[in-house]
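Participant: Let me begin by handing over the structure; questions about it come next.
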Amino acid sequence: MRLGIGCGWRASLAAYIQQRPAVTFVEVLAEDLPAHGPLPPALEVLRERGCQVVVHGVSLSLGSAEGLDPRALEHLCRVAERVRAPLVSEHVCFVRAGGLDSGHLLPVPRTAASLEVLVENVRRAQAALPVPLALENIASPLEWPGAEWEEPVFLSLLLEQTGAQLLLDAANLYAQSVNCGVDVGRWLDAAPLHRLAYVHAAGGTRRGGLYHDTHAHPLPAPLLPVLEALRARREIPGLMLERDDRFPPAAELDAELAQLARTAGLPWEGGTGEQSRAA
Amino acid sequence: MPGGFNAGRVAAMAETLAHKRLHAAARAWPLLARQLGDAWAVRFAATCAGTPLPPHHGPLLDGWRVAEVLEGEGLLGPAATRELLGARLRFRRGPEEGLQPRTGAWAWALARSAEGRCLALRLAGRTFSVWLPGRRAPSPPPPASSPPT
């Protein structure tokens, strides 16, 4: 499945995306959409023009030893059905434990016991979801002690045992290289790139000696070599920009999407329909 | 802290979580956050720092608690009052401090602002609100700047 160039759909970006037919897919946050009642009209317009809508979850907590929250899974399934998503994605992380919610994607221990929990939860999610599931690597400056595998090997084992696809967050990989000394080339060599479904790119900033993947700042220049290193190893079937806050002018978003498209070897026909026709 | 963890990184993660929680509540309650301005972080910390993030509708419930504190103090501005009423029309406080969606055909809610009480009604998908008798005149805005002394 080839998704092309995409953008994270946020209400603040709805008008911008609607005016960019070159955006061939969007990713919606499942938690932002209702399971019942009307969907945002702007999203319906995108679907009618053939733009694919991928559903992205942030609250399933696939790494929770206590199992999945049936309400969160039911919501994810319902939203995927409603937008006729070709794919659903979630994270290799946990957000809930012991009745508490972190509100943030937290890393799982890379151990056999943790892998077993993830495999069971992923299989349960796959059994309920109407479409394939892709799993994303997260950014975390904090790691559990006693890791039995490096992250890309852990991801390979998880995807191999579940058949899930890979959502590679290049910005998270860049953050790990800055904060934890991860070697991007070695990481990519060991990662299950043959299962690559699509790729995230986002901006961030350095604060307190750490790189933060904020989704609220411009793309960092060193992110592009990460994408080039990925493209050298595997064709990129889809690449999207995540921007969640401090939304820049349209020209700045156009420039970032065009830059991403060039780097990934994906078509970006001028951004707006007007520019496409003028070309 | 269990052995083997990097204490500095754990502290950085804790700060990230607190920062994210604060901003998530501000996004869920933009009018309340705007009313409080720089005081938002202080109010939020005083109200929510000692309680865990609720597992469902966390940002909404976090901001709700801040709004209720201001309501109790008679300091809720008109815009934030409408925001609180909107939340009360959509949800009711359920068991264990959670929020339950109000799915009925109609709902009413009451809130007390700095200027008096406001009644809101949701009916057939539309929302109506009315200030109850006894509304005080809005406070005059503060002067833009003080002359040099």
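Following the order of the structure tokens, chains are lettered A, B, ..., residues in each are numbered from 1, and ligands are numbered from 1.
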Taking only residues of chain A that have an atom at most 12 Å from an atom of chain B, what is each one's shortest atom pair and its distance in Å to one decimal, using only C-alpha atoms, in chain and number order, as a tab-separated table?
Facilitator:
residue	atom	partner	partner_atom	distance
A:Glu31	CA	B:His57	CA	9.9
A:Asp32	CA	B:His57	CA	11.2
A:Pro34	CA	B:Pro101	CA	11.9
A:His36	CA	B:Thr103	CA	11.1
A:Gly37	CA	B:Thr103	CA	11.2
A:Pro38	CA	B:Gly125	CA	11.8
A:Ser59	CA	B:Pro55	CA	9.7
A:Leu60	CA	B:Pro55	CA	11.6
A:Ser61	CA	B:Pro55	CA	11.6
A:Asp69	CA	B:Pro55	CA	10.4
A:Arg71	CA	B:His56	CA	10.0
A:Ala72	CA	B:His56	CA	9.6
A:Val95	CA	B:Pro55	CA	9.4
A:Arg96	CA	B:Pro55	CA	7.8
A:Ala97	CA	B:Pro55	CA	9.9
A:Gly98	CA	B:Pro55	CA	10.6
A:Gly99	CA	B:Pro55	CA	7.3
A:Leu100	CA	B:Pro55	CA	6.2
A:Asp101	CA	B:Pro55	CA	4.9
A:Ser102	CA	B:Leu53	CA	6.8
A:Gly103	CA	B:Arg21	CA	6.8
A:His104	CA	B:Leu17	CA	6.5
A:Leu105	CA	B:Leu17	CA	9.5
A:Leu106	CA	B:Met13	CA	9.1
A:Pro107	CA	B:Met13	CA	10.9
A:Pro109	CA	B:Phe5	CA	11.6
A:Ala139	CA	B:Met13	CA	11.3
A:Ser140	CA	B:Met13	CA	8.2
A:Pro141	CA	B:Arg9	CA	6.3
A:Leu142	CA	B:Arg9	CA	5.5
A:Glu143	CA	B:Phe5	CA	7.4
A:Trp144	CA	B:Phe5	CA	6.6
A:Pro145	CA	B:Gly4	CA	5.3
A:Gly146	CA	B:Gly4	CA	7.9
A:Ala147	CA	B:Gly4	CA	10.8
A:Asn179	CA	B:Arg9	CA	9.9
A:Cys180	CA	B:Arg9	CA	10.5
A:Arg207	CA	B:Ala12	CA	10.2
A:Gly208	CA	B:Ala12	CA	8.5
A:Gly209	CA	B:Ala12	CA	9.9
A:Leu210	CA	B:Ala12	CA	8.8
A:Tyr211	CA	B:Ala12	CA	11.3
A:His212	CA	B:Thr16	CA	9.2
A:Asp213	CA	B:Thr16	CA	11.1
A:Thr214	CA	B:Lys20	CA	10.1
A:Asp244	CA	B:Arg27	CA	11.1
A:Asp245	CA	B:Arg27	CA	10.0
Participant: Env of Ala39 in chain B: 12 Å cut, atoms = only C-alpha atoms, seq-sep filter 6 positions within chain, self excluded. Answer as a list in words.
Facilitator: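 After dropping sequence-adjacent residues, the list is Ala26, Leu32, Ala33, Ala45, Ala46, Val66 and Leu70 of chain B.
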Participant: Output C-alpha atoms for every residue in that selection, as a CSV table (one decimal), in the first residue's frame.
Facilitator:
chain,number,residue,atom,x,y,z
B,26,ALA,CA,-5.1,24.3,28.9
B,32,LEU,CA,-10.3,29.3,31.4
B,33,ALA,CA,-6.5,29.2,30.7
B,45,ALA,CA,-0.5,23.0,40.4
B,46,ALA,CA,-2.5,23.9,43.5
B,66,VAL,CA,-9.6,24.4,38.4
B,70,LEU,CA,-12.6,29.6,40.8
Participant: Please extract the residues of range 50-258 of chain A with a backbone DSSP assignment of alpha helix (DSSP H) and present them as a PyMOL selection string.
Facilitator: chain A and resi 70-82+112-128+151-162+170-180+184-190+223-233+250-258
Participant: Which one is closest to Ala80 in chain B: B:Val130, B:Leu61, B:Leu22, B:Leu36? Count only C-alpha atoms.
Facilitator: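 Looking only at the distances to Ala80 in chain B, the closest residue turns out to be B:Leu36.
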Participant: Do you know which residues are at most 6 Å from Gly63 in chain A counting only C-alpha atoms, after dropping those on the same chain fewer than 4 positions away, and could you put them as JSON, numbers by chain?
Facilitator: {"A": [93, 94, 118]}
Participant: Just the residues within 10 Å of Gly86 in chain B, please, counting only C-alpha atoms, with nothing from its chain fewer than 2 positions along; format it as a count of residues only.
Facilitator: 15
Participant: Between CA of Val58 in chain A and CA of Arg110 in chain A, what distance in Å does the model show, to one decimal?
Facilitator: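 These atoms are spaced 19.8 Å apart.
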Participant: Excluding Leu260 in chain A and any residue of its chain fewer than 6 positions from it, enumerate the residues within 10 Å of it, using only C-alpha atoms, and give them as a list in words.
Facilitator: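 Neighbouring residues, sequence-local ones excluded: Ile5, Gly6, Ala201, Leu219, Leu223, Leu224, Leu227, Leu239, Met240, Leu241, Asp254, Leu266, Pro267 and Trp268 of chain A.
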Participant: Write the residues you've just listed into a file as a PDB file, in the first residue's frame, and include N, CA and C atoms for each of them.
Facilitator:
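Writing done, so here's out.pdb:
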ATOM      1  N   ILE A   5       2.392  11.370   0.428  1.00  0.00           N
ATOM      2  CA  ILE A   5       2.741  12.417   1.399  1.00  0.00           C
ATOM      3  C   ILE A   5       1.513  12.768   2.227  1.00  0.00           C
ATOM      4  N   GLY A   6       1.697  12.813   3.525  1.00  0.00           N
ATOM      5  CA  GLY A   6       0.561  13.050   4.409  1.00  0.00           C
ATOM      6  C   GLY A   6       0.840  14.074   5.478  1.00  0.00           C
ATOM      7  N   ALA A 201       7.389  12.217  10.549  1.00  0.00           N
ATOM      8  CA  ALA A 201       8.445  13.223  10.716  1.00  0.00           C
ATOM      9  C   ALA A 201       7.832  14.378  11.496  1.00  0.00           C
ATOM     10  N   LEU A 219      10.996  21.336  11.489  1.00  0.00           N
ATOM     11  CA  LEU A 219      11.778  20.103  11.338  1.00  0.00           C
ATOM     12  C   LEU A 219      13.249  20.425  11.575  1.00  0.00           C
ATOM     13  N   LEU A 223      17.245  15.792  10.781  1.00  0.00           N
ATOM     14  CA  LEU A 223      16.257  14.741  10.545  1.00  0.00           C
ATOM     15  C   LEU A 223      16.338  14.238   9.102  1.00  0.00           C
ATOM     16  N   LEU A 224      16.705  15.119   8.200  1.00  0.00           N
ATOM     17  CA  LEU A 224      16.718  14.723   6.787  1.00  0.00           C
ATOM     18  C   LEU A 224      17.717  13.593   6.512  1.00  0.00           C
ATOM     19  N   LEU A 227      16.098  10.343   7.274  1.00  0.00           N
ATOM     20  CA  LEU A 227      15.182   9.888   6.223  1.00  0.00           C
ATOM     21  C   LEU A 227      15.956   9.378   5.010  1.00  0.00           C
ATOM     22  N   LEU A 239       4.967   9.105   3.933  1.00  0.00           N
ATOM     23  CA  LEU A 239       5.706   9.932   4.898  1.00  0.00           C
ATOM     24  C   LEU A 239       4.822  11.101   5.259  1.00  0.00           C
ATOM     25  N   MET A 240       4.686  11.356   6.545  1.00  0.00           N
ATOM     26  CA  MET A 240       3.785  12.443   6.950  1.00  0.00           C
ATOM     27  C   MET A 240       4.411  13.343   8.010  1.00  0.00           C
ATOM     28  N   LEU A 241       3.923  14.577   7.998  1.00  0.00           N
ATOM     29  CA  LEU A 241       4.370  15.588   8.955  1.00  0.00           C
ATOM     30  C   LEU A 241       3.391  15.626  10.127  1.00  0.00           C
ATOM     31  N   ASP A 254       4.073  24.205   3.673  1.00  0.00           N
ATOM     32  CA  ASP A 254       4.317  23.783   2.287  1.00  0.00           C
ATOM     33  C   ASP A 254       5.789  23.426   2.094  1.00  0.00           C
ATOM     34  N   LEU A 266       8.914  11.040  -2.949  1.00  0.00           N
ATOM     35  CA  LEU A 266       7.464  10.942  -3.132  1.00  0.00           C
ATOM     36  C   LEU A 266       6.961  12.187  -3.867  1.00  0.00           C
ATOM     37  N   PRO A 267       5.881  12.053  -4.639  1.00  0.00           N
ATOM     38  CA  PRO A 267       5.391  13.207  -5.403  1.00  0.00           C
ATOM     39  C   PRO A 267       4.777  14.278  -4.508  1.00  0.00           C
ATOM     40  N   TRP A 268       5.060  15.500  -4.813  1.00  0.00           N
ATOM     41  CA  TRP A 268       4.434  16.656  -4.153  1.00  0.00           C
ATOM     42  C   TRP A 268       4.215  17.671  -5.248  1.00  0.00           C
TER      43      TRP A 268
END
Participant: Write out as a list in words each polymer residue whose atoms come within 12 Å of Arg234 in chain A, counting only C-alpha atoms; drop sequence neighbours fewer than 3 positions from it.
Facilitator: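 Residues meeting the cut-off are Leu168, Leu188, Asp189, Ala191, Pro192, Leu193, His194, Arg195, Leu196, Ala197, Tyr198, Val199, Leu227, Glu228, Ala229, Leu230, Arg231, Pro237, Gly238, Ala264 and Gly265 of chain A.
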Participant: Would you please extract all strand (DSSP E) residues from chain B, as assigned by DSSP on the backbone, and give them as a list in words?
Facilitator: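 So, restricting chain B to strand (DSSP E), we get Phe91, Arg92, Arg93, Leu99, Gln100, Pro101, Trp106, Ala107, Trp108, Ala109, Leu110, Ala111, Arg112, Ser113, Gly116, Arg117, Cys118, Leu119, Ala120, Leu121, Arg122, Leu123, Arg126, Thr127, Phe128, Ser129, Val130 and Trp131 of chain B.
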Participant: Generate a file of the selected residues that holds C-alpha atoms, formatted as a PDB file, in the first residue's frame.
Facilitator:
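Dumped to selection17.pdb:
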ATOM      1  CA  PHE B  91     -20.807  15.367  31.010  1.00  0.00           C
ATOM      2  CA  ARG B  92     -21.804  14.641  34.555  1.00  0.00           C
ATOM      3  CA  ARG B  93     -19.474  13.607  37.324  1.00  0.00           C
ATOM      4  CA  LEU B  99     -17.030  11.850  33.784  1.00  0.00           C
ATOM      5  CA  GLN B 100     -20.082  10.255  32.204  1.00  0.00           C
ATOM      6  CA  PRO B 101     -21.417  11.609  28.890  1.00  0.00           C
ATOM      7  CA  TRP B 106     -31.826  17.620  26.757  1.00  0.00           C
ATOM      8  CA  ALA B 107     -29.736  18.779  29.694  1.00  0.00           C
ATOM      9  CA  TRP B 108     -29.412  21.787  31.919  1.00  0.00           C
ATOM     10  CA  ALA B 109     -26.531  23.172  33.924  1.00  0.00           C
ATOM     11  CA  LEU B 110     -25.876  26.028  36.295  1.00  0.00           C
ATOM     12  CA  ALA B 111     -22.649  27.880  37.027  1.00  0.00           C
ATOM     13  CA  ARG B 112     -21.700  30.814  39.205  1.00  0.00           C
ATOM     14  CA  SER B 113     -19.403  33.411  37.754  1.00  0.00           C
ATOM     15  CA  GLY B 116     -23.717  36.138  38.914  1.00  0.00           C
ATOM     16  CA  ARG B 117     -25.324  32.831  38.066  1.00  0.00           C
ATOM     17  CA  CYS B 118     -25.848  31.551  34.538  1.00  0.00           C
ATOM     18  CA  LEU B 119     -28.261  28.817  33.476  1.00  0.00           C
ATOM     19  CA  ALA B 120     -27.618  26.822  30.300  1.00  0.00           C
ATOM     20  CA  LEU B 121     -29.914  24.442  28.450  1.00  0.00           C
ATOM     21  CA  ARG B 122     -29.093  21.988  25.681  1.00  0.00           C
ATOM     22  CA  LEU B 123     -32.086  21.019  23.612  1.00  0.00           C
ATOM     23  CA  ARG B 126     -28.692  23.649  20.425  1.00  0.00           C
ATOM     24  CA  THR B 127     -27.486  25.407  23.537  1.00  0.00           C
ATOM     25  CA  PHE B 128     -29.200  28.337  25.227  1.00  0.00           C
ATOM     26  CA  SER B 129     -27.998  30.312  28.207  1.00  0.00           C
ATOM     27  CA  VAL B 130     -29.449  33.023  30.365  1.00  0.00           C
ATOM     28  CA  TRP B 131     -28.042  35.082  33.209  1.00  0.00           C
TER      29      TRP B 131
END
Participant: When you draw a straight line from CA of Gln35 in chain B to CA of Thr51 in chain B, how long is it in Å?
Facilitator: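 About the pair CA of Gln35 in chain B and CA of Thr51 in chain B: they are 23.2 Å apart.
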Participant: With a distance cut-off of 9 Å and only C-alpha atoms, select the neighbouring residues of Val23 in chain A, excluding the residue or stretch itself and same-chain residues fewer than 2 positions from it, and output the selection as a list in words.
Facilitator: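 So, after excluding close chain neighbours, the residues are Gly4, Ile5, Gly6, Cys7, Ile17, Gln18, Arg20, Pro21, Phe25, Val26, Cys51, Leu257, Trp268 and Gly271 of chain A.
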